[in-house]
Amino acid sequence: LPICYVFYRKKTLFTLMNNVLILGVVSFFTDMASAMITVTFPLFLVYVLKNGVDKLGIVLAIATFVSYFFRVVFGYLSDKYSIRKPLVVSGYIISALSKPLFYFVHSYKEIAILRAVDRFAKAMRSSSKDALLSEYKVEKEKAFSVHKALDVAGEATGAFIAFLMFVNLGTNEETFRLIFLLTLIPGIFAVIFSFFIKDVKKDSDAYFYHVPYYMSKQIVQLFLVMLQIADKRLNF
């Protein structure tokens, strides 16, 4: 509300409300759900499922690798084919569906898979979302500051919700699983609002950087090697 009031008398209000603010609201609900998972799943994995911290390290490593590898892939595709909104909406949908599935996990391997799927969704929408923010006809400083403020507010809200649930319901397994299940609610709101995001298309050749073929081949080979290492380490 304070952010909305600051820009209330600005000439860019209409654009902000219909583009940047809507995208910020989507990020608010998505990051609320993400925070509810991020602050709880390490404790759930170690203290409830009785796995060692080495398993937690494996989960975090896989999720981090998937996130940054596919950011390169989807950033490349987004710029080359001028795909914006479809990648953003698809990323939010996959993310919203993956988080409540933590309710059903019983092993660190299942957690690793779901975290990888969630980070894959994050990578899918990340570059296209930033491109949309930069292409809206408002000052870039205002666009990114408003979006980031709502982004952080969502994370803080999600963490606070998890904290309140632990205080009132205890730190038992049922509370953890209830928190995971409740991520479905902000996820639904995020998906609904994502369909109202305005798409912006630009000429893909205007600013696209072509990745050399040999670099693309090396990236794919690196990804395959990492998959082989993960397969041997996790015994999938």
# chains A, B, ... in the order shown; residues from 1 in each chain; ligands from 1
>>> residues_around(residues="Ile111 of chain A", least_positions_apart="2", cutoff="10 Å", atoms="only C-alpha atoms", output="PyMOL selection string")
chain A and resi 41-42+45+56+59-60+63+101-102+104-109+113-117
>>> residues_around(residues="Ile94 of chain A", least_positions_apart="5", cutoff="12 Å", atoms="only C-alpha atoms", output="mmCIF file with all heavy atoms, in the first residue's frame")
data_model
loop_
_atom_site.group_PDB
_atom_site.id
_atom_site.type_symbol
_atom_site.label_atom_id
_atom_site.label_comp_id
_atom_site.auth_asym_id
_atom_site.auth_seq_id
_atom_site.Cartn_x
_atom_site.Cartn_y
_atom_site.Cartn_z
ATOM 1 N N THR A 30 4.100 -15.850 -5.345
ATOM 2 C CA THR A 30 5.027 -16.943 -5.638
ATOM 3 C C THR A 30 6.133 -17.027 -4.608
ATOM 4 O O THR A 30 6.477 -18.107 -4.120
ATOM 5 C CB THR A 30 5.635 -16.766 -7.043
ATOM 6 O OG1 THR A 30 4.588 -16.775 -8.021
ATOM 7 C CG2 THR A 30 6.604 -17.903 -7.363
ATOM 8 N N LEU A 87 6.656 -18.105 -21.361
ATOM 9 C CA LEU A 87 7.645 -18.674 -20.441
ATOM 10 C C LEU A 87 7.378 -18.235 -19.008
ATOM 11 O O LEU A 87 7.539 -19.024 -18.073
ATOM 12 C CB LEU A 87 9.055 -18.258 -20.866
ATOM 13 C CG LEU A 87 9.609 -18.898 -22.141
ATOM 14 C CD1 LEU A 87 10.987 -18.339 -22.468
ATOM 15 C CD2 LEU A 87 9.680 -20.417 -21.992
ATOM 16 N N VAL A 88 6.973 -16.979 -18.837
ATOM 17 C CA VAL A 88 6.691 -16.473 -17.495
ATOM 18 C C VAL A 88 5.521 -17.223 -16.872
ATOM 19 O O VAL A 88 5.605 -17.727 -15.741
ATOM 20 C CB VAL A 88 6.400 -14.965 -17.539
ATOM 21 C CG1 VAL A 88 5.926 -14.475 -16.170
ATOM 22 C CG2 VAL A 88 7.644 -14.190 -17.960
ATOM 23 N N VAL A 89 4.415 -17.319 -17.605
ATOM 24 C CA VAL A 89 3.223 -17.984 -17.083
ATOM 25 C C VAL A 89 3.491 -19.472 -16.846
ATOM 26 O O VAL A 89 3.102 -20.030 -15.803
ATOM 27 C CB VAL A 89 2.033 -17.799 -18.051
ATOM 28 C CG1 VAL A 89 0.827 -18.605 -17.579
ATOM 29 C CG2 VAL A 89 1.668 -16.322 -18.164
ATOM 30 N N LYS A 99 5.253 -27.079 -5.434
ATOM 31 C CA LYS A 99 5.442 -26.826 -3.997
ATOM 32 C C LYS A 99 4.518 -27.651 -3.094
ATOM 33 O O LYS A 99 4.984 -28.228 -2.102
ATOM 34 C CB LYS A 99 5.298 -25.339 -3.706
ATOM 35 C CG LYS A 99 6.418 -24.481 -4.284
ATOM 36 C CD LYS A 99 6.247 -23.030 -3.884
ATOM 37 C CE LYS A 99 7.384 -22.175 -4.429
ATOM 38 N NZ LYS A 99 7.296 -22.038 -5.908
ATOM 39 N N PRO A 100 3.212 -27.731 -3.374
ATOM 40 C CA PRO A 100 2.349 -28.533 -2.482
ATOM 41 C C PRO A 100 2.691 -30.015 -2.471
ATOM 42 O O PRO A 100 2.330 -30.723 -1.526
ATOM 43 C CB PRO A 100 0.945 -28.314 -3.074
ATOM 44 C CG PRO A 100 1.043 -27.050 -3.846
ATOM 45 C CD PRO A 100 2.431 -27.024 -4.392
ATOM 46 N N LEU A 101 3.414 -30.485 -3.491
ATOM 47 C CA LEU A 101 3.778 -31.902 -3.548
ATOM 48 C C LEU A 101 4.781 -32.286 -2.458
ATOM 49 O O LEU A 101 4.983 -33.473 -2.192
ATOM 50 C CB LEU A 101 4.353 -32.246 -4.924
ATOM 51 C CG LEU A 101 3.372 -32.123 -6.102
ATOM 52 C CD1 LEU A 101 4.064 -32.461 -7.416
ATOM 53 C CD2 LEU A 101 2.164 -33.035 -5.895
ATOM 54 N N LEU A 114 11.762 -32.458 -6.425
ATOM 55 C CA LEU A 114 10.820 -31.344 -6.367
ATOM 56 C C LEU A 114 11.534 -29.993 -6.324
ATOM 57 O O LEU A 114 11.076 -29.022 -6.943
ATOM 58 C CB LEU A 114 9.911 -31.489 -5.149
ATOM 59 C CG LEU A 114 8.877 -32.617 -5.211
ATOM 60 C CD1 LEU A 114 8.056 -32.677 -3.934
ATOM 61 C CD2 LEU A 114 7.960 -32.432 -6.417
ATOM 62 N N ARG A 115 12.657 -29.932 -5.612
ATOM 63 C CA ARG A 115 13.422 -28.682 -5.596
ATOM 64 C C ARG A 115 13.987 -28.383 -6.979
ATOM 65 O O ARG A 115 14.029 -27.230 -7.412
ATOM 66 C CB ARG A 115 14.561 -28.766 -4.576
ATOM 67 C CG ARG A 115 14.123 -28.619 -3.138
ATOM 68 C CD ARG A 115 13.503 -27.259 -2.879
ATOM 69 N NE ARG A 115 14.483 -26.174 -2.978
ATOM 70 C CZ ARG A 115 14.172 -24.880 -2.964
ATOM 71 N NH1 ARG A 115 12.906 -24.501 -2.893
ATOM 72 N NH2 ARG A 115 15.102 -23.952 -3.040
ATOM 73 N N ALA A 116 14.424 -29.430 -7.687
ATOM 74 C CA ALA A 116 14.937 -29.240 -9.044
ATOM 75 C C ALA A 116 13.831 -28.753 -9.975
ATOM 76 O O ALA A 116 14.057 -27.867 -10.806
ATOM 77 C CB ALA A 116 15.539 -30.542 -9.559
ATOM 78 N N VAL A 117 12.633 -29.314 -9.838
ATOM 79 C CA VAL A 117 11.501 -28.879 -10.661
ATOM 80 C C VAL A 117 11.156 -27.421 -10.368
ATOM 81 O O VAL A 117 10.921 -26.626 -11.284
ATOM 82 C CB VAL A 117 10.272 -29.780 -10.415
ATOM 83 C CG1 VAL A 117 9.031 -29.202 -11.105
ATOM 84 C CG2 VAL A 117 10.538 -31.188 -10.922
ATOM 85 N N ASP A 118 11.145 -27.051 -9.087
ATOM 86 C CA ASP A 118 10.832 -25.675 -8.713
ATOM 87 C C ASP A 118 11.880 -24.704 -9.248
ATOM 88 O O ASP A 118 11.551 -23.623 -9.747
ATOM 89 C CB ASP A 118 10.732 -25.568 -7.193
ATOM 90 C CG ASP A 118 10.402 -24.156 -6.742
ATOM 91 O OD1 ASP A 118 9.331 -23.663 -7.114
ATOM 92 O OD2 ASP A 118 11.228 -23.554 -6.020
ATOM 93 N N ARG A 119 13.151 -25.073 -9.160
ATOM 94 C CA ARG A 119 14.215 -24.213 -9.675
ATOM 95 C C ARG A 119 14.207 -24.174 -11.202
ATOM 96 O O ARG A 119 14.581 -23.161 -11.803
ATOM 97 C CB ARG A 119 15.574 -24.683 -9.166
ATOM 98 C CG ARG A 119 15.774 -24.567 -7.665
ATOM 99 C CD ARG A 119 15.676 -23.122 -7.206
ATOM 100 N NE ARG A 119 14.318 -22.707 -6.888
ATOM 101 C CZ ARG A 119 13.961 -21.474 -6.579
ATOM 102 N NH1 ARG A 119 14.870 -20.510 -6.583
ATOM 103 N NH2 ARG A 119 12.707 -21.185 -6.301
ATOM 104 N N PHE A 120 13.791 -25.270 -11.828
ATOM 105 C CA PHE A 120 13.610 -25.285 -13.281
ATOM 106 C C PHE A 120 12.552 -24.259 -13.678
ATOM 107 O O PHE A 120 12.720 -23.509 -14.642
ATOM 108 C CB PHE A 120 13.196 -26.689 -13.729
ATOM 109 C CG PHE A 120 12.829 -26.785 -15.179
ATOM 110 C CD1 PHE A 120 13.814 -26.976 -16.147
ATOM 111 C CD2 PHE A 120 11.509 -26.695 -15.585
ATOM 112 C CE1 PHE A 120 13.472 -27.062 -17.490
ATOM 113 C CE2 PHE A 120 11.150 -26.784 -16.924
ATOM 114 C CZ PHE A 120 12.140 -26.971 -17.877
ATOM 115 N N ALA A 121 11.455 -24.222 -12.923
ATOM 116 C CA ALA A 121 10.393 -23.252 -13.187
ATOM 117 C C ALA A 121 10.892 -21.826 -12.968
ATOM 118 O O ALA A 121 10.530 -20.912 -13.723
ATOM 119 C CB ALA A 121 9.193 -23.543 -12.296
ATOM 120 N N LYS A 122 11.704 -21.635 -11.937
ATOM 121 C CA LYS A 122 12.289 -20.321 -11.676
ATOM 122 C C LYS A 122 13.158 -19.882 -12.842
ATOM 123 O O LYS A 122 13.105 -18.727 -13.283
ATOM 124 C CB LYS A 122 13.112 -20.378 -10.391
ATOM 125 C CG LYS A 122 13.932 -19.136 -10.083
ATOM 126 C CD LYS A 122 13.073 -18.001 -9.604
ATOM 127 C CE LYS A 122 13.933 -16.835 -9.135
ATOM 128 N NZ LYS A 122 13.122 -15.686 -8.686
ATOM 129 N N ALA A 123 13.968 -20.802 -13.351
ATOM 130 C CA ALA A 123 14.834 -20.495 -14.486
ATOM 131 C C ALA A 123 14.025 -20.196 -15.740
ATOM 132 O O ALA A 123 14.386 -19.326 -16.540
ATOM 133 C CB ALA A 123 15.785 -21.663 -14.742
ATOM 134 N N MET A 124 12.938 -20.907 -15.918
ATOM 135 C CA MET A 124 12.092 -20.722 -17.095
ATOM 136 C C MET A 124 11.538 -19.303 -17.177
ATOM 137 O O MET A 124 11.483 -18.710 -18.255
ATOM 138 C CB MET A 124 10.947 -21.738 -17.079
ATOM 139 C CG MET A 124 9.977 -21.602 -18.245
ATOM 140 S SD MET A 124 8.595 -22.765 -18.153
ATOM 141 C CE MET A 124 9.456 -24.305 -18.449
ATOM 142 N N ARG A 125 11.129 -18.741 -16.051
ATOM 143 C CA ARG A 125 10.477 -17.433 -16.068
ATOM 144 C C ARG A 125 11.413 -16.265 -15.789
ATOM 145 O O ARG A 125 11.068 -15.115 -16.077
ATOM 146 C CB ARG A 125 9.349 -17.406 -15.036
ATOM 147 C CG ARG A 125 9.814 -17.498 -13.593
ATOM 148 C CD ARG A 125 8.661 -17.460 -12.608
ATOM 149 N NE ARG A 125 9.096 -17.454 -11.227
ATOM 150 C CZ ARG A 125 9.179 -18.539 -10.451
ATOM 151 N NH1 ARG A 125 8.834 -19.719 -10.956
ATOM 152 N NH2 ARG A 125 9.581 -18.439 -9.199
ATOM 153 N N LEU A 184 -0.212 -24.135 -1.660
ATOM 154 C CA LEU A 184 -1.125 -24.188 -2.797
ATOM 155 C C LEU A 184 -1.944 -22.903 -2.912
ATOM 156 O O LEU A 184 -2.256 -22.461 -4.027
ATOM 157 C CB LEU A 184 -2.068 -25.395 -2.651
ATOM 158 C CG LEU A 184 -3.104 -25.593 -3.761
ATOM 159 C CD1 LEU A 184 -2.414 -25.873 -5.091
ATOM 160 C CD2 LEU A 184 -4.054 -26.726 -3.398
ATOM 161 N N GLY A 187 0.020 -20.054 -4.401
ATOM 162 C CA GLY A 187 0.332 -20.509 -5.751
ATOM 163 C C GLY A 187 -0.831 -20.297 -6.703
ATOM 164 O O GLY A 187 -0.642 -19.895 -7.860
ATOM 165 N N ILE A 188 -2.040 -20.568 -6.237
ATOM 166 C CA ILE A 188 -3.234 -20.368 -7.063
ATOM 167 C C ILE A 188 -3.411 -18.891 -7.408
ATOM 168 O O ILE A 188 -3.686 -18.532 -8.563
ATOM 169 C CB ILE A 188 -4.481 -20.909 -6.340
ATOM 170 C CG1 ILE A 188 -4.427 -22.440 -6.266
ATOM 171 C CG2 ILE A 188 -5.754 -20.452 -7.057
ATOM 172 C CD1 ILE A 188 -5.554 -23.055 -5.468
ATOM 173 N N ALA A 190 -1.076 -16.646 -7.551
ATOM 174 C CA ALA A 190 -0.007 -16.262 -8.478
ATOM 175 C C ALA A 190 -0.351 -16.655 -9.908
ATOM 176 O O ALA A 190 -0.149 -15.880 -10.851
ATOM 177 C CB ALA A 190 1.311 -16.911 -8.049
ATOM 178 N N VAL A 191 -0.866 -17.859 -10.087
ATOM 179 C CA VAL A 191 -1.222 -18.321 -11.427
ATOM 180 C C VAL A 191 -2.357 -17.484 -12.014
ATOM 181 O O VAL A 191 -2.325 -17.101 -13.192
ATOM 182 C CB VAL A 191 -1.622 -19.815 -11.399
ATOM 183 C CG1 VAL A 191 -2.196 -20.246 -12.743
ATOM 184 C CG2 VAL A 191 -0.419 -20.680 -11.046
#
>>> closest_residue(among="A:Leu23, A:Pro186, A:Phe144, A:Tyr92", to="Thr157 of chain A", atoms="only C-alpha atoms")
A:Pro186
>>> closest_residue(among="A:Val20, A:Val200, A:Ala35, A:Val73", to="Ala143 of chain A", atoms="only C-alpha atoms")
A:Val20
>>> select_by_dssp(residues="segment 80-211 of chain A", states="alpha helix (DSSP H)", output="MDAnalysis selection string")
chainID A and resid 80:81 85:98 108:135 140:169 173:182 184:194
>>> atom_distance(atom1="atom CA of Phe196 of chain A", atom2="atom CA of Asp130 of chain A")
16.5 Å
>>> residues_around(residues="Arg84 of chain A", least_positions_apart="2", cutoff="12 Å", atoms="only C-alpha atoms", output="ChimeraX atom specification")
/A:74-82,86-91,124-135,197-202,204
>>> closest_residue(among="A:Leu150, A:Ala162, A:Ile185, A:Val26", to="Thr40 of chain A", atoms="only C-alpha atoms")
A:Ala162
>>> atom_distance(atom1="atom CA of Phe69 of chain A", atom2="atom CA of Gly57 of chain A")
18.0 Å
